[in-house]
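Asker: I'd like to ask some things about the structure below.
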Amino acid sequence: MDPKTAVRDGKGLATLRVLNPVAARKFRPVAPAKRHADLSGKKIGLYWNYKKHGDVALRRVKELLSGRYEGMRFEWFETGPVNEAAEEWLESVRLSGVQGVVAATGD
Amino acid sequence: MVRNHAGIEELGIPVVSIVQDYFLEDAKASGQAYGLESPALAVTPEVFTTLTAEQTREAAERLIEDVVRGLTSPRPEPRGEVVRKVTPHGPEDGVLAFGGADLLECLQKMNDRFLEWGWSDGFPLIPPTEEAVAGMLKGTRRAPDDTVVERFVPGNARATVRDIAVNAVMAGCRPGFLPVVLAAVEAMHHPEINLRMCTVSTGAHAPLFVVNGPVAGKLGVNAGSCALGNAGPGGLSFPNVAIGRAVRLALMNVGGAYPGILDQDTIGSPAKFSMVLAENERESPWEPYHVEKGFRAEESTVTCFYGHSLIEIADLESETAEALINTISLRVAGIGQTIFIPYYPVILLSPAHAGIFSRDGWTKDDIRQYLHLHCAITAERYRKSKSLAMGPARKWIGAADSDAMIRLFERPERIDVVVAGGASGKSAAYLGLFPKPYPVKG
């Protein structure tokens with residue numbers, strides 16, 4: 001038997017060999033950004049994708065973070081699924097100078 | 001959203017995403033599809049869209065520690081290059097063997113396991129043996145290792161001709177169908193279709209493929225009665241069914257759009273099994289769809305319309321173009337559109353309905369212009385239905401006069417008309433979405 005072949009389900013008089021239909025993805029993982037030891041004075045982006053109440057959650061998060069960290073500033077970002085990961089949108093996030101982002105959708 | 005999460009992390013900015021427990025597997029799979037192995041997540045058991053505003057605020061309060069942790073606690077550093085199947089379910093071996101008393105029992109076991117691993121659409125599959133796949137590959141002049149799409153959405157695996165052929169075998173395709181399946185896969189990856197949104201949406205998006213040109217007749221793709229239905233006597237619609245099924249299996253096994261993982265459709269749709277037809281060019285009073293889009297009549301094309309479900313518009317009474325277009329426009333406008341996603345319709349006209357327009361001298365452009373002008377609702381009605389006015393449009397609609405008419409379709413040229421179906425009645429069908437003709441490569 002081919003060394004790549006695995007008998008996965010029982011042994012008997014007959015054997016059916018088939019090709020695996022599932023594709024594999026080869027990639028180099030994205031390195032996560034460095035985290036902050038302290039969020040005081042940081043500018044935080046709040047990113048909403050238009051789904052119901054995602055904005056409500058983010059506004060509450062803003063209130064809670066403001067009460068906890070001195071000098072924290074915020075910038076609001078929105079984009080829907082049509083423009084997701086558009087280069088210009090990501091560039092606007094970069095140019096805003098935010099040092100962290102909290103993202104929320106409604107689902 | 002997790003796609004943007006990965007994009008922002010790549011900019012060197014830490015991100016934490018608030019994710020509902022129900023969508024956790026989706027969020028993890030989406031992160032991995034975009035190379036983010038371990039996104040920082042603040043997980044809530046509630047789905048905000050189903051809560052009141054006050055309940056949502058309370059849910060956010062319970063998440064705040066996780067939000068802070070997501071921005072402050074170091075994330076695991078990724079190792080080198082990763083090779084990973086688009087699903088965590090099932091074995092990774094390139095060849096699988098199933099034993100039994102006879103081949104029928106082996107086949108049953110294969111189908112049982114494929115169902116368990118999520119690799120099946122639920123109907124019995126034809127076994128993709130090496131010989132069957134080799135036979136399928138004879139249907140195209142393309143090399144087995146040729147890339148069909150570099151990143152098959154939403155899982156983003158590179159898709160080769162062989163990958164698609166394996167799934168075409170499972171769907172029951174004949175080798176001659178493979179070029180159409182390959183073209184369909186390429187067509188639905190056109191950027192205007194926004195395949196990622198369509199495949200991971202909580203809405204019931206499904207692809208409709210329209211085949212034009214000589215290949216339709218050569219393969220027997222049904223353009224007449226029951227073209228979008230199940231197969232019938234004499235193999236009626238069999239190519240339609242098998243081609244669409246192959247695309248669905250490829251969406252799952254190559255694209256990773258598995259139900260309950262990346263596919264988060266709220267209710268689902270039978271349209272997802274298969275939706276393929278040929279344009280009824282012979283009975284159309286107008287030039288074929290692909291000729292209208294700039295292709296030669298002797299070329300063959302596959303067009304993808306990735307929309308919501310079909311809506312039937314039966315009108316047995318209208319005898320003039322003006323009466324008929326009024327019926328169609330009322331129905332299309334009544335369905336409503338969320339204008340935070342710019343949907344456009346494709347109208348499938350039966351030959352009888354197309355004939356009424358043609359007799360009165362109407363062109364497809366006349367139909368487009370009419371629908372553009374008359375599919376409109378008042379700003380007040382938009383405002384009352386919040387979901388219609390999501391996204392940036394809510395700002396200007398909020399400021400508009402109450403009786404200002406808001407057009408559903410901003411650009412008439414994006415409204416498409418295809419003649420399809422048989423002579424059995426006067427029907428039109430409507431489906432929202434983004435068209436893009438694509439030539440079949442044989």
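To be explicit about the labels: the chains of the structure tokens are called A, B, and onward in the order shown, and within each one the residues are counted from 1, while ligands get numbers from 1 in the order they are shown.
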Show which residues sit within 7 Å of segment 55-61 of chain A, as a count of residues only. Count only C-alpha atoms, and ignore same-chain residues fewer than 3 positions away.
Answerer: 10
Asker: Among segment 27-77 of chain A, which ones does DSSP place in strand (DSSP E), written as a list of chain:residue names?
Answerer: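 Answer for segment 27-77 of chain A, restricted to strand (DSSP E): A:Phe27, A:Lys43, A:Ile44, A:Gly45, A:Leu46, A:Tyr47, A:Trp48, A:Arg73, A:Phe74, A:Glu75, A:Trp76, A:Phe77.
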Asker: Can you work out the spacing between atom CA of Pro29 of chain A and atom CA of Val254 of chain B in Å, to one decimal?
Answerer: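 Pair atom CA of Pro29 of chain A / atom CA of Val254 of chain B returns 19.6 Å.
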Asker: Do me a favour and pick out the residues of chain B within 6 Å of chain A, using only C-alpha atoms, as a ChimeraX atom specification.
Answerer: /B:4,9,12-18,20,35-36,47-49,56-57,60,71-72,74,81-86,94-103,106,128-129,157,166,253-254,391
Asker: Give me the residues within 7 Å of Ala271 of chain B as a list in words, counting only C-alpha atoms and dropping any in the same chain fewer than 3 places off.
Answerer: Ala206, Ser274, Met275 and Ser309 of chain B
Asker: I want to know what sits within 7 Å of segment 144-154 of chain B, based on only C-alpha atoms, with residues of the same chain fewer than 4 positions away left out; could you give that as a ChimeraX atom specification?
Answerer: /B:137,158-162,182,186,195-196,199,254-257
Asker: Mind writing the picked residues with N, CA and C atoms as a tab-separated table (two decimals), in the first residue's frame?
Answerer:
chain	number	residue	atom	x	y	z
B	137	LEU	N	-10.05	15.04	-15.56
B	137	LEU	CA	-9.05	16.02	-16.03
B	137	LEU	C	-8.91	16.00	-17.55
B	158	ARG	N	-4.98	28.04	-2.19
B	158	ARG	CA	-4.77	28.08	-3.64
B	158	ARG	C	-5.55	26.92	-4.24
B	159	ALA	N	-6.30	27.18	-5.30
B	159	ALA	CA	-7.11	26.13	-5.92
B	159	ALA	C	-6.51	25.74	-7.25
B	160	THR	N	-6.19	24.47	-7.39
B	160	THR	CA	-5.66	23.98	-8.67
B	160	THR	C	-6.80	23.33	-9.47
B	161	VAL	N	-6.50	23.08	-10.73
B	161	VAL	CA	-7.47	22.38	-11.59
B	161	VAL	C	-7.79	21.02	-10.98
B	162	ARG	N	-6.78	20.36	-10.42
B	162	ARG	CA	-7.01	19.03	-9.82
B	162	ARG	C	-7.96	19.13	-8.62
B	182	LEU	N	-14.76	25.17	-13.89
B	182	LEU	CA	-13.57	25.99	-13.67
B	182	LEU	C	-13.88	27.47	-13.93
B	186	GLU	N	-13.83	30.74	-11.34
B	186	GLU	CA	-13.14	32.00	-11.62
B	186	GLU	C	-14.13	33.16	-11.61
B	195	LEU	N	-17.00	37.87	-2.97
B	195	LEU	CA	-17.33	36.49	-2.62
B	195	LEU	C	-17.21	36.22	-1.12
B	196	ARG	N	-16.26	36.88	-0.48
B	196	ARG	CA	-16.11	36.63	0.96
B	196	ARG	C	-17.40	37.02	1.70
B	199	THR	N	-20.15	34.47	1.00
B	199	THR	CA	-20.01	33.12	1.54
B	199	THR	C	-20.07	33.07	3.06
B	254	VAL	N	-12.61	23.29	-1.02
B	254	VAL	CA	-11.45	24.06	-1.47
B	254	VAL	C	-11.50	25.46	-0.85
B	255	GLY	N	-12.71	26.02	-0.79
B	255	GLY	CA	-12.86	27.37	-0.24
B	255	GLY	C	-13.04	27.40	1.27
B	256	GLY	N	-13.39	26.29	1.87
B	256	GLY	CA	-13.56	26.27	3.33
B	256	GLY	C	-14.89	26.85	3.80
B	257	ALA	N	-15.85	27.05	2.90
B	257	ALA	CA	-17.15	27.64	3.28
B	257	ALA	C	-18.06	26.56	3.85
